[in-house]
file model09.tsv (TSV, C-alpha atoms and all ligand atoms)
chain	number	residue	atom	x	y	z
A	27	MET	CA	-115.05	-134.38	-105.82
A	28	PHE	CA	-115.77	-132.86	-102.41
A	29	SER	CA	-113.56	-135.12	-100.27
A	30	ALA	CA	-110.77	-132.50	-100.08
A	31	ILE	CA	-113.01	-129.82	-98.55
A	32	VAL	CA	-115.67	-131.67	-96.53
A	33	PRO	CA	-115.04	-131.84	-92.76
A	34	ASP	CA	-115.26	-135.27	-91.08
A	35	ASN	CA	-118.62	-134.52	-89.45
A	36	ILE	CA	-120.32	-133.78	-92.78
A	37	ALA	CA	-121.25	-136.76	-94.97
A	38	PHE	CA	-121.47	-136.41	-98.72
A	39	HIS	CA	-122.39	-138.62	-101.62
A	40	CYS	CA	-122.39	-138.08	-105.38
A	41	ALA	CA	-124.50	-140.32	-107.62
A	42	HIS	CA	-124.35	-140.67	-111.38
A	43	LEU	CA	-127.78	-140.20	-112.91
A	44	ASP	CA	-127.46	-143.52	-114.75
A	45	ASP	CA	-126.77	-145.44	-111.53
A	46	VAL	CA	-129.95	-144.58	-109.63
A	47	ASN	CA	-133.59	-145.36	-110.10
A	48	ILE	CA	-136.84	-144.52	-108.42
A	49	GLY	CA	-136.64	-147.69	-106.32
A	50	ASP	CA	-133.76	-146.06	-104.40
A	51	LEU	CA	-136.15	-143.46	-102.96
A	52	HIS	CA	-138.42	-143.46	-99.95
A	53	ILE	CA	-142.11	-143.70	-100.86
A	54	GLU	CA	-142.71	-140.03	-99.90
A	55	GLU	CA	-139.90	-138.98	-102.25
A	56	ARG	CA	-141.29	-141.12	-105.07
A	57	GLN	CA	-144.57	-139.26	-104.66
A	58	LEU	CA	-142.76	-135.90	-104.87
A	59	SER	CA	-140.95	-137.02	-108.02
A	60	SER	CA	-144.26	-137.66	-109.79
A	61	ALA	CA	-144.81	-133.88	-109.90
A	62	PHE	CA	-142.05	-133.52	-112.54
A	63	SER	CA	-143.30	-133.94	-116.10
A	64	HIS	CA	-139.90	-133.36	-117.72
A	65	ASP	CA	-137.85	-136.61	-117.67
A	66	GLY	CA	-134.47	-134.89	-117.24
A	67	ARG	CA	-135.65	-132.89	-114.24
A	68	LYS	CA	-137.34	-135.93	-112.72
A	69	ASN	CA	-134.13	-137.99	-113.06
A	70	ALA	CA	-132.11	-135.17	-111.47
A	71	PHE	CA	-134.57	-135.05	-108.56
A	72	ILE	CA	-134.36	-138.83	-108.12
A	73	ALA	CA	-130.54	-138.77	-108.21
A	74	GLY	CA	-130.45	-135.91	-105.69
A	75	ARG	CA	-132.70	-137.75	-103.24
A	76	ALA	CA	-130.74	-140.98	-103.80
A	77	ALA	CA	-127.50	-139.11	-103.02
A	78	ALA	CA	-129.15	-137.61	-99.91
A	79	ARG	CA	-130.16	-141.09	-98.77
A	80	GLN	CA	-126.61	-142.44	-99.16
A	81	ALA	CA	-125.16	-139.41	-97.38
A	82	GLN	CA	-127.57	-139.95	-94.46
A	83	LEU	CA	-126.59	-143.62	-94.29
A	84	LYS	CA	-122.91	-142.64	-94.10
A	85	LEU	CA	-123.64	-140.12	-91.34
A	86	THR	CA	-126.06	-141.99	-89.12
A	87	GLY	CA	-126.50	-145.51	-90.51
A	88	ALA	CA	-130.17	-144.78	-91.24
A	89	SER	CA	-132.12	-142.65	-93.68
A	90	ALA	CA	-135.47	-140.88	-93.74
A	91	PRO	CA	-137.29	-139.08	-96.59
A	92	VAL	CA	-136.17	-135.60	-97.59
A	93	GLY	CA	-139.26	-133.48	-98.22
A	94	ARG	CA	-139.71	-130.41	-100.40
A	95	ASP	CA	-140.90	-126.98	-99.29
A	96	VAL	CA	-143.22	-124.91	-101.53
A	97	GLU	CA	-140.17	-122.70	-102.10
A	98	ARG	CA	-138.42	-125.85	-103.49
A	99	TYR	CA	-135.81	-126.24	-100.79
A	100	PRO	CA	-135.29	-129.68	-99.25
A	101	ILE	CA	-136.84	-130.38	-95.86
A	102	TRP	CA	-134.37	-132.56	-93.98
A	103	PRO	CA	-135.35	-135.17	-91.41
A	104	ASP	CA	-135.42	-133.97	-87.80
A	105	GLY	CA	-131.96	-133.40	-86.42
A	106	LEU	CA	-130.27	-133.09	-89.81
A	107	VAL	CA	-129.26	-130.27	-92.17
A	108	GLY	CA	-128.14	-130.70	-95.75
A	109	SER	CA	-128.04	-129.50	-99.31
A	110	ILE	CA	-128.39	-130.95	-102.83
A	111	THR	CA	-127.03	-130.06	-106.26
A	112	HIS	CA	-127.27	-131.66	-109.71
A	113	THR	CA	-125.43	-131.33	-112.99
A	114	GLU	CA	-126.22	-132.93	-116.33
A	115	ASN	CA	-124.78	-136.29	-115.19
A	116	THR	CA	-124.38	-136.24	-111.43
A	117	ALA	CA	-126.18	-135.32	-108.22
A	118	CYS	CA	-124.42	-134.61	-104.93
A	119	ALA	CA	-125.76	-134.21	-101.42
A	120	VAL	CA	-124.18	-133.18	-98.12
A	121	VAL	CA	-125.73	-133.94	-94.73
A	122	ALA	CA	-124.73	-133.14	-91.15
A	123	LYS	CA	-126.23	-133.21	-87.67
A	124	ALA	CA	-128.17	-130.07	-86.77
A	125	SER	CA	-126.33	-130.15	-83.45
A	126	ASP	CA	-123.08	-129.54	-85.38
A	127	TYR	CA	-124.23	-127.08	-88.06
A	128	LEU	CA	-126.99	-124.52	-88.54
A	129	THR	CA	-127.00	-124.92	-92.30
A	130	LEU	CA	-125.19	-126.32	-95.35
A	131	GLY	CA	-125.07	-125.21	-98.99
A	132	ILE	CA	-123.55	-127.05	-101.96
A	133	ASP	CA	-123.29	-126.33	-105.66
A	134	VAL	CA	-121.52	-127.82	-108.68
A	135	GLU	CA	-121.06	-125.98	-111.98
A	136	THR	CA	-119.28	-126.98	-115.16
A	137	TYR	CA	-116.91	-124.51	-116.74
A	138	GLN	CA	-117.33	-124.04	-120.49
A	139	GLU	CA	-114.47	-122.58	-122.54
A	140	ASN	CA	-116.92	-120.63	-124.68
A	141	PRO	CA	-120.04	-119.97	-122.63
A	142	GLY	CA	-121.46	-117.48	-125.14
A	143	ILE	CA	-122.59	-114.63	-122.93
A	144	ASP	CA	-120.56	-113.05	-120.15
A	145	VAL	CA	-122.71	-113.02	-117.01
A	146	SER	CA	-120.07	-111.45	-114.75
A	147	ARG	CA	-121.75	-108.02	-114.80
A	148	ARG	CA	-125.03	-109.57	-113.65
A	149	ILE	CA	-123.73	-111.79	-110.85
A	150	ALA	CA	-120.76	-109.83	-109.50
A	151	THR	CA	-120.50	-106.86	-107.18
A	152	GLU	CA	-118.17	-104.06	-108.27
A	153	ASP	CA	-115.16	-105.49	-106.38
A	154	GLU	CA	-115.84	-109.05	-107.56
A	155	TYR	CA	-116.08	-107.76	-111.12
A	156	LEU	CA	-112.66	-106.10	-110.79
A	157	TRP	CA	-111.18	-109.36	-109.42
A	158	ILE	CA	-112.73	-111.44	-112.23
A	159	HIS	CA	-111.42	-109.15	-114.95
A	160	SER	CA	-108.00	-108.42	-113.38
A	161	ASP	CA	-106.64	-111.54	-115.13
A	162	PRO	CA	-108.03	-111.84	-118.68
A	163	GLU	CA	-106.95	-115.49	-118.92
A	164	LYS	CA	-108.92	-116.42	-115.83
A	165	LYS	CA	-112.01	-114.29	-116.24
A	166	ARG	CA	-114.25	-117.14	-117.41
A	167	GLU	CA	-113.23	-119.54	-114.66
A	168	ARG	CA	-113.48	-116.78	-112.05
A	169	THR	CA	-116.97	-115.94	-113.25
A	170	ILE	CA	-118.09	-119.53	-112.82
A	171	GLN	CA	-116.39	-119.71	-109.41
A	172	VAL	CA	-118.27	-116.64	-108.20
A	173	PHE	CA	-121.53	-117.99	-109.61
A	174	CYS	CA	-121.01	-121.41	-108.02
A	175	ALA	CA	-120.09	-119.88	-104.65
A	176	LYS	CA	-123.18	-117.65	-104.68
A	177	GLU	CA	-125.48	-120.55	-105.55
A	178	ALA	CA	-124.10	-122.50	-102.56
A	179	LEU	CA	-124.55	-119.44	-100.34
A	180	PHE	CA	-128.13	-119.04	-101.57
A	181	LYS	CA	-128.95	-122.64	-100.65
A	182	ALA	CA	-127.41	-122.26	-97.19
A	183	ILE	CA	-129.13	-118.95	-96.43
A	184	TYR	CA	-132.55	-119.11	-98.09
A	185	PRO	CA	-134.19	-121.67	-95.75
A	186	HIS	CA	-133.29	-119.37	-92.82
A	187	TYR	CA	-134.23	-116.09	-94.50
A	188	GLU	CA	-137.21	-117.10	-96.65
A	189	LYS	CA	-137.31	-113.85	-98.62
A	190	PRO	CA	-136.08	-113.35	-102.17
A	191	PHE	CA	-132.58	-111.94	-102.63
A	192	GLY	CA	-130.22	-111.58	-105.56
A	193	PHE	CA	-126.57	-111.87	-106.44
A	194	GLN	CA	-125.70	-108.48	-104.93
A	195	ALA	CA	-126.65	-109.78	-101.46
A	196	ALA	CA	-123.23	-111.37	-101.01
A	197	GLU	CA	-119.79	-109.83	-101.40
A	198	LEU	CA	-116.99	-112.34	-101.98
A	199	SER	CA	-113.23	-112.00	-101.49
A	200	TRP	CA	-110.93	-114.74	-102.76
A	201	LEU	CA	-108.36	-115.93	-100.20
A	202	ASP	CA	-105.25	-116.90	-102.12
A	203	GLY	CA	-103.77	-120.22	-101.04
A	204	GLU	CA	-106.84	-121.20	-99.00
A	205	SER	CA	-109.10	-122.25	-101.88
A	206	LYS	CA	-112.01	-120.36	-100.45
A	207	PHE	CA	-114.00	-117.16	-100.64
A	208	GLN	CA	-114.79	-115.15	-97.57
A	209	SER	CA	-118.27	-113.68	-97.91
A	210	THR	CA	-120.11	-110.80	-96.33
A	211	ILE	CA	-123.87	-111.22	-96.50
A	212	LEU	CA	-125.66	-107.91	-97.00
A	213	LEU	CA	-129.20	-108.79	-95.89
A	214	ASN	CA	-131.14	-106.90	-93.22
A	215	GLY	CA	-132.31	-108.99	-90.30
A	216	ILE	CA	-130.26	-112.05	-91.15
A	217	ASP	CA	-129.21	-114.43	-88.37
A	218	PRO	CA	-125.81	-113.10	-87.15
A	219	ALA	CA	-124.38	-116.62	-87.60
A	220	LEU	CA	-124.94	-116.22	-91.36
A	221	CYS	CA	-123.50	-112.70	-91.79
A	222	SER	CA	-120.02	-113.81	-92.80
A	223	LEU	CA	-119.58	-117.24	-94.34
A	224	ASP	CA	-116.64	-119.03	-95.91
A	225	VAL	CA	-117.28	-120.71	-99.27
A	226	HIS	CA	-114.88	-123.63	-99.77
A	227	MET	CA	-114.06	-124.26	-103.42
A	228	VAL	CA	-112.79	-127.32	-105.23
A	229	ARG	CA	-112.00	-127.90	-108.88
A	230	GLN	CA	-111.87	-131.15	-110.85
A	231	GLU	CA	-110.91	-130.56	-114.47
A	232	ASN	CA	-113.66	-128.32	-115.83
A	233	THR	CA	-116.03	-128.72	-112.89
A	234	PHE	CA	-116.18	-126.45	-109.83
A	235	GLY	CA	-117.73	-127.34	-106.49
A	236	ALA	CA	-118.65	-124.98	-103.65
A	237	LEU	CA	-119.49	-125.86	-100.06
A	238	VAL	CA	-120.78	-123.62	-97.28
A	239	TYR	CA	-121.15	-124.78	-93.68
A	240	ALA	CA	-122.12	-122.67	-90.69
A	301	LIG	C1	-132.31	-122.49	-106.03
A	301	LIG	C2	-131.15	-122.48	-106.98
A	301	LIG	C3	-129.91	-122.07	-106.20
A	301	LIG	C4	-130.97	-123.88	-107.58
A	301	LIG	O1	-129.83	-123.93	-108.35
A	301	LIG	P1	-129.77	-124.75	-109.74
A	301	LIG	O2	-128.46	-124.48	-110.36
A	301	LIG	O3	-131.00	-124.48	-110.49
A	301	LIG	O4	-129.84	-126.24	-109.38
A	301	LIG	P2	-128.94	-127.22	-108.51
A	301	LIG	O5	-129.04	-128.51	-109.20
A	301	LIG	O6	-127.58	-126.74	-108.18
A	301	LIG	O7	-129.75	-127.28	-107.14
A	301	LIG	C5	-131.06	-127.71	-107.12
A	301	LIG	C6	-131.39	-128.06	-105.70
A	301	LIG	O8	-131.29	-126.91	-104.88
A	301	LIG	C7	-132.17	-127.08	-103.77
A	301	LIG	N1	-132.95	-125.85	-103.64
A	301	LIG	C8	-133.90	-125.39	-104.48
A	301	LIG	N2	-134.37	-124.22	-104.01
A	301	LIG	C9	-133.70	-123.97	-102.87
A	301	LIG	C10	-133.77	-122.91	-101.94
A	301	LIG	N3	-134.60	-121.87	-102.08
A	301	LIG	N4	-132.96	-122.96	-100.85
A	301	LIG	C11	-132.10	-124.00	-100.67
A	301	LIG	N5	-131.99	-125.04	-101.55
A	301	LIG	C12	-132.80	-125.00	-102.63
A	301	LIG	C13	-133.06	-128.29	-104.07
A	301	LIG	O9	-132.60	-129.38	-103.30
A	301	LIG	C14	-132.81	-128.52	-105.54
A	301	LIG	O10	-132.88	-129.86	-105.95
A	301	LIG	P3	-134.29	-130.69	-105.89
A	301	LIG	O11	-135.34	-129.79	-106.45
A	301	LIG	O12	-134.01	-131.89	-106.70
A	301	LIG	O13	-134.49	-130.97	-104.43
A	301	LIG	C15	-131.38	-121.47	-108.15
A	301	LIG	O14	-132.43	-121.91	-108.93
A	301	LIG	C16	-131.68	-120.09	-107.68
A	301	LIG	O15	-132.79	-119.70	-107.48
A	301	LIG	N6	-130.63	-119.31	-107.46
A	301	LIG	C17	-130.74	-117.99	-106.94
A	301	LIG	C18	-129.49	-117.35	-107.29
A	301	LIG	C19	-129.20	-116.16	-106.46
A	301	LIG	O16	-129.94	-115.23	-106.36
A	301	LIG	N7	-128.06	-116.22	-105.87
A	301	LIG	C20	-127.60	-115.12	-105.13
A	301	LIG	C21	-127.03	-115.56	-103.88
A	301	LIG	S1	-126.02	-114.32	-103.21

call {"tool": "encode", "arguments": {"input": "model09.tsv", "output": "structure tokens"}}
result
Amino acid sequence: MFSAIVPDNIAFHCAHLDDVNIGDLHIEERQLSSAFSHDGRKNAFIAGRAAARQAQLKLTGASAPVGRDVERYPIWPDGLVGSITHTENTACAVVAKASDYLTLGIDVETYQENPGIDVSRRIATEDEYLWIHSDPEKKRERTIQVFCAKEALFKAIYPHYEKPFGFQAAELSWLDGESKFQSTILLNGIDPALCSLDVHMVRQENTFGALVYA
């Protein structure tokens, strides 16, 4: 689903959970997967690492294990940056050369017509909240777009910031016609290269994808 928004020098791969198995992983990744007791979570981890392996192969023709920090973020092989996301059925990974990008962040979320609770108050800043609710017919899809964009931002920023932060740390503005949010990151001491990031958005039926590269 990301082909429309991924630049040529970023490789991506999406894997269906049913199409991968533990034999697709490097031995170090198989060892990491044994820490998951819940089958669903273990399968998602395996699919994410399998997608990361395929994305590396597309980028460089080779692949190395992707580790896991104690804070749960992926540790990419030397010279690479990347990001992983999973849904119920699919896992996607993006990878690029560290000489081209400082960081990547990816997220996929599925839009439900009747999600039950409205989380817009919790995840949105005041201006984002006004944008979400300015069109009653679009408020649910805008909520999921903002959520998805902020999850991708979190994954791009956290490994460089390494301190907890919440949804109010980013302020998003939707750029009509460009299919992206422009973000301002409101975190003290953050690398200036991460202060203002674009979040590229794509939609496929009821699924939204977000990609950040900096
Ligand atoms: C980390 C987080 C983003 C994961 O999102 P999720 O919807 O649970 O799961 P996804 O399937 O999309 O992504 C999971 C992957 O994210 C990656 N990830 C986990 N923690 C991460 C972190 N701190 N930094 C970067 N990537 C991380 C991992 O690769 C993980 O997959 P793996 O465990 O199989 O390797 C989420 O749990 C979280 O903590 N969000 C914080 C939200 C927030 O405060 N956002 C505000 C930003 S402004």

call {"tool": "residues_around", "arguments": {"input": "model09.tsv", "residues": "Ala182 of chain A", "least_positions_apart": "6", "cutoff": "8 Å", "atoms": "only C-alpha atoms", "output": "PyMOL selection string"}}
result
chain A and resi 109+129-132+238-239

call {"tool": "write_last_selection", "arguments": {"input": "model09.tsv", "atoms": "C-alpha atoms", "output": "compact mmCIF listing (two decimals), in the frame of the given file"}}
result
# COMPACT_ATOMS: atom_id res chain seq x y z
CA SER A 109 -128.04 -129.50 -99.31
CA THR A 129 -127.00 -124.92 -92.30
CA LEU A 130 -125.19 -126.32 -95.35
CA GLY A 131 -125.07 -125.21 -98.99
CA ILE A 132 -123.55 -127.05 -101.96
CA VAL A 238 -120.78 -123.62 -97.28
CA TYR A 239 -121.15 -124.78 -93.68

call {"tool": "residues_around", "arguments": {"input": "model09.tsv", "residues": "Glu55 of chain A", "least_positions_apart": "6", "cutoff": "9 Å", "atoms": "only C-alpha atoms", "output": "list in words"}}
result
Ile48, Ile72, Arg75, Pro91, Val92, Gly93 and Arg94 of chain A

call {"tool": "closest_atom_pairs", "arguments": {"input": "model09.tsv", "of": "chain A", "to": "ligand LIG 301 (chain A)", "cutoff": "8 Å", "atoms": "all atoms listed in the file", "output": "Markdown table"}}
result
| residue | atom | partner | partner_atom | distance |
| --- | --- | --- | --- | --- |
| A:Arg67 | CA | A:LIG301 | O12 | 7.8 |
| A:Lys68 | CA | A:LIG301 | O12 | 8.0 |
| A:Ala70 | CA | A:LIG301 | O12 | 6.1 |
| A:Phe71 | CA | A:LIG301 | O12 | 3.7 |
| A:Ile72 | CA | A:LIG301 | O12 | 7.1 |
| A:Ala73 | CA | A:LIG301 | O12 | 7.9 |
| A:Gly74 | CA | A:LIG301 | O12 | 5.5 |
| A:Arg75 | CA | A:LIG301 | O12 | 6.9 |
| A:Arg94 | CA | A:LIG301 | O13 | 6.6 |
| A:Glu97 | CA | A:LIG301 | N3 | 5.6 |
| A:Arg98 | CA | A:LIG301 | N2 | 4.4 |
| A:Tyr99 | CA | A:LIG301 | C9 | 3.7 |
| A:Pro100 | CA | A:LIG301 | O9 | 4.9 |
| A:Ser109 | CA | A:LIG301 | O9 | 6.1 |
| A:Ile110 | CA | A:LIG301 | O9 | 4.5 |
| A:Thr111 | CA | A:LIG301 | O6 | 3.9 |
| A:His112 | CA | A:LIG301 | O5 | 3.6 |
| A:Thr113 | CA | A:LIG301 | O5 | 5.9 |
| A:Ala117 | CA | A:LIG301 | O5 | 7.5 |
| A:Gly131 | CA | A:LIG301 | C11 | 7.3 |
| A:Ile132 | CA | A:LIG301 | O6 | 7.4 |
| A:Asp133 | CA | A:LIG301 | O6 | 5.0 |
| A:Val134 | CA | A:LIG301 | O6 | 6.2 |
| A:Glu135 | CA | A:LIG301 | O6 | 7.6 |
| A:Ile149 | CA | A:LIG301 | C20 | 7.7 |
| A:Phe173 | CA | A:LIG301 | N7 | 7.7 |
| A:Lys176 | CA | A:LIG301 | C21 | 4.5 |
| A:Glu177 | CA | A:LIG301 | C3 | 4.7 |
| A:Ala178 | CA | A:LIG301 | C3 | 6.9 |
| A:Leu179 | CA | A:LIG301 | C21 | 5.8 |
| A:Phe180 | CA | A:LIG301 | C21 | 4.3 |
| A:Lys181 | CA | A:LIG301 | C11 | 3.4 |
| A:Ala182 | CA | A:LIG301 | C11 | 6.1 |
| A:Ile183 | CA | A:LIG301 | N4 | 7.1 |
| A:Tyr184 | CA | A:LIG301 | N4 | 4.8 |
| A:Pro185 | CA | A:LIG301 | N4 | 5.4 |
| A:Glu188 | CA | A:LIG301 | N3 | 7.7 |
| A:Pro190 | CA | A:LIG301 | O16 | 7.7 |
| A:Phe191 | CA | A:LIG301 | O16 | 5.6 |
| A:Gly192 | CA | A:LIG301 | O16 | 3.7 |
| A:Phe193 | CA | A:LIG301 | C20 | 3.7 |
| A:Gln194 | CA | A:LIG301 | S1 | 6.1 |
| A:Ala195 | CA | A:LIG301 | S1 | 4.9 |
| A:Ala196 | CA | A:LIG301 | S1 | 4.6 |
| A:Glu197 | CA | A:LIG301 | S1 | 7.9 |
| A:Ile211 | CA | A:LIG301 | S1 | 7.7 |

call {"tool": "atom_distance", "arguments": {"input": "model09.tsv", "atom1": "atom CA of Ala124 of chain A", "atom2": "atom CA of Ile31 of chain A"}}
result
19.2 Å

call {"tool": "atom_distance", "arguments": {"input": "model09.tsv", "atom1": "atom CA of Leu237 of chain A", "atom2": "atom CA of Leu58 of chain A"}}
result
25.8 Å

call {"tool": "residues_near_point", "arguments": {"input": "model09.tsv", "point": "(-126.1, -130.4, -84.6)", "cutoff": "10 Å", "atoms": "all atoms listed in the file", "output": "ChimeraX atom specification"}}
result
/A:35,105-107,122-129

call {"tool": "write_last_selection", "arguments": {"input": "model09.tsv", "atoms": "C-alpha atoms", "output": "short mmCIF file (atom, residue, chain, number, x, y, z; two decimals), keeping the file's coordinate frame"}}
result
data_model
loop_
_atom_site.label_atom_id
_atom_site.label_comp_id
_atom_site.auth_asym_id
_atom_site.auth_seq_id
_atom_site.Cartn_x
_atom_site.Cartn_y
_atom_site.Cartn_z
CA ASN A 35 -118.62 -134.52 -89.45
CA GLY A 105 -131.96 -133.40 -86.42
CA LEU A 106 -130.27 -133.09 -89.81
CA VAL A 107 -129.26 -130.27 -92.17
CA ALA A 122 -124.73 -133.14 -91.15
CA LYS A 123 -126.23 -133.21 -87.67
CA ALA A 124 -128.17 -130.07 -86.77
CA SER A 125 -126.33 -130.15 -83.45
CA ASP A 126 -123.08 -129.54 -85.38
CA TYR A 127 -124.23 -127.08 -88.06
CA LEU A 128 -126.99 -124.52 -88.54
CA THR A 129 -127.00 -124.92 -92.30
#

call {"tool": "closest_residue", "arguments": {"input": "model09.tsv", "among": "A:His186, A:Asp45, A:Glu154, A:Pro218", "to": "Ser199 of chain A", "atoms": "all atoms listed in the file"}}
result
A:Glu154

call {"tool": "decode", "arguments": {"input": "model09.tsv", "residues": "segment 94-152 of chain A", "atoms": "C-alpha atoms", "output": "mmCIF file, in the first residue's frame"}}
result
data_model
loop_
_atom_site.group_PDB
_atom_site.id
_atom_site.type_symbol
_atom_site.label_atom_id
_atom_site.label_comp_id
_atom_site.auth_asym_id
_atom_site.auth_seq_id
_atom_site.Cartn_x
_atom_site.Cartn_y
_atom_site.Cartn_z
ATOM 1 C CA ARG A 94 15.385 -5.215 19.738
ATOM 2 C CA ASP A 95 16.199 -2.525 22.292
ATOM 3 C CA VAL A 96 14.945 -2.821 25.896
ATOM 4 C CA GLU A 97 12.581 0.018 24.964
ATOM 5 C CA ARG A 98 11.205 -2.315 22.222
ATOM 6 C CA TYR A 99 12.391 -0.367 19.209
ATOM 7 C CA PRO A 100 14.158 -2.237 16.418
ATOM 8 C CA ILE A 101 17.950 -2.046 16.249
ATOM 9 C CA TRP A 102 18.853 -1.920 12.564
ATOM 10 C CA PRO A 103 22.040 -3.349 11.106
ATOM 11 C CA ASP A 104 24.950 -0.908 10.812
ATOM 12 C CA GLY A 105 24.409 1.626 8.066
ATOM 13 C CA LEU A 106 20.632 1.178 7.911
ATOM 14 C CA VAL A 107 17.568 2.872 9.403
ATOM 15 C CA GLY A 108 14.046 1.514 9.319
ATOM 16 C CA SER A 109 10.694 1.007 10.942
ATOM 17 C CA ILE A 110 8.111 -1.780 11.389
ATOM 18 C CA THR A 111 4.345 -1.919 11.827
ATOM 19 C CA HIS A 112 1.813 -4.749 12.089
ATOM 20 C CA THR A 113 -1.940 -5.068 11.790
ATOM 21 C CA GLU A 114 -4.128 -8.094 12.440
ATOM 22 C CA ASN A 115 -3.142 -9.671 9.097
ATOM 23 C CA THR A 116 -0.103 -7.879 7.752
ATOM 24 C CA ALA A 117 3.313 -6.571 8.743
ATOM 25 C CA CYS A 118 5.184 -3.863 6.849
ATOM 26 C CA ALA A 119 8.757 -2.647 7.101
ATOM 27 C CA VAL A 120 10.653 0.243 5.533
ATOM 28 C CA VAL A 121 14.452 0.397 5.323
ATOM 29 C CA ALA A 122 16.907 2.970 3.987
ATOM 30 C CA LYS A 123 20.616 3.728 4.111
ATOM 31 C CA ALA A 124 21.666 5.770 7.131
ATOM 32 C CA SER A 125 23.688 7.900 4.724
ATOM 33 C CA ASP A 126 20.381 8.978 3.112
ATOM 34 C CA TYR A 127 18.119 9.314 6.165
ATOM 35 C CA LEU A 128 18.477 9.970 9.886
ATOM 36 C CA THR A 129 15.324 8.065 10.742
ATOM 37 C CA LEU A 130 12.129 6.442 9.422
ATOM 38 C CA GLY A 131 8.715 5.852 10.994
ATOM 39 C CA ILE A 132 5.822 3.794 9.632
ATOM 40 C CA ASP A 133 2.367 2.922 10.893
ATOM 41 C CA VAL A 134 -0.760 1.226 9.543
ATOM 42 C CA GLU A 135 -4.187 1.509 11.167
ATOM 43 C CA THR A 136 -7.554 0.144 10.139
ATOM 44 C CA TYR A 137 -10.521 2.472 10.164
ATOM 45 C CA GLN A 138 -13.647 1.098 11.827
ATOM 46 C CA GLU A 139 -17.043 2.630 11.036
ATOM 47 C CA ASN A 140 -18.132 2.225 14.646
ATOM 48 C CA PRO A 141 -15.044 2.271 16.838
ATOM 49 C CA GLY A 142 -17.046 2.590 20.068
ATOM 50 C CA ILE A 143 -15.184 5.304 21.929
ATOM 51 C CA ASP A 144 -14.056 8.609 20.475
ATOM 52 C CA VAL A 145 -10.352 9.025 21.244
ATOM 53 C CA SER A 146 -9.952 12.361 19.460
ATOM 54 C CA ARG A 147 -9.901 14.357 22.718
ATOM 55 C CA ARG A 148 -7.072 12.181 24.044
ATOM 56 C CA ILE A 149 -4.818 12.153 20.976
ATOM 57 C CA ALA A 150 -5.432 15.565 19.412
ATOM 58 C CA THR A 151 -4.154 19.026 20.238
ATOM 59 C CA GLU A 152 -6.745 21.806 20.347
#
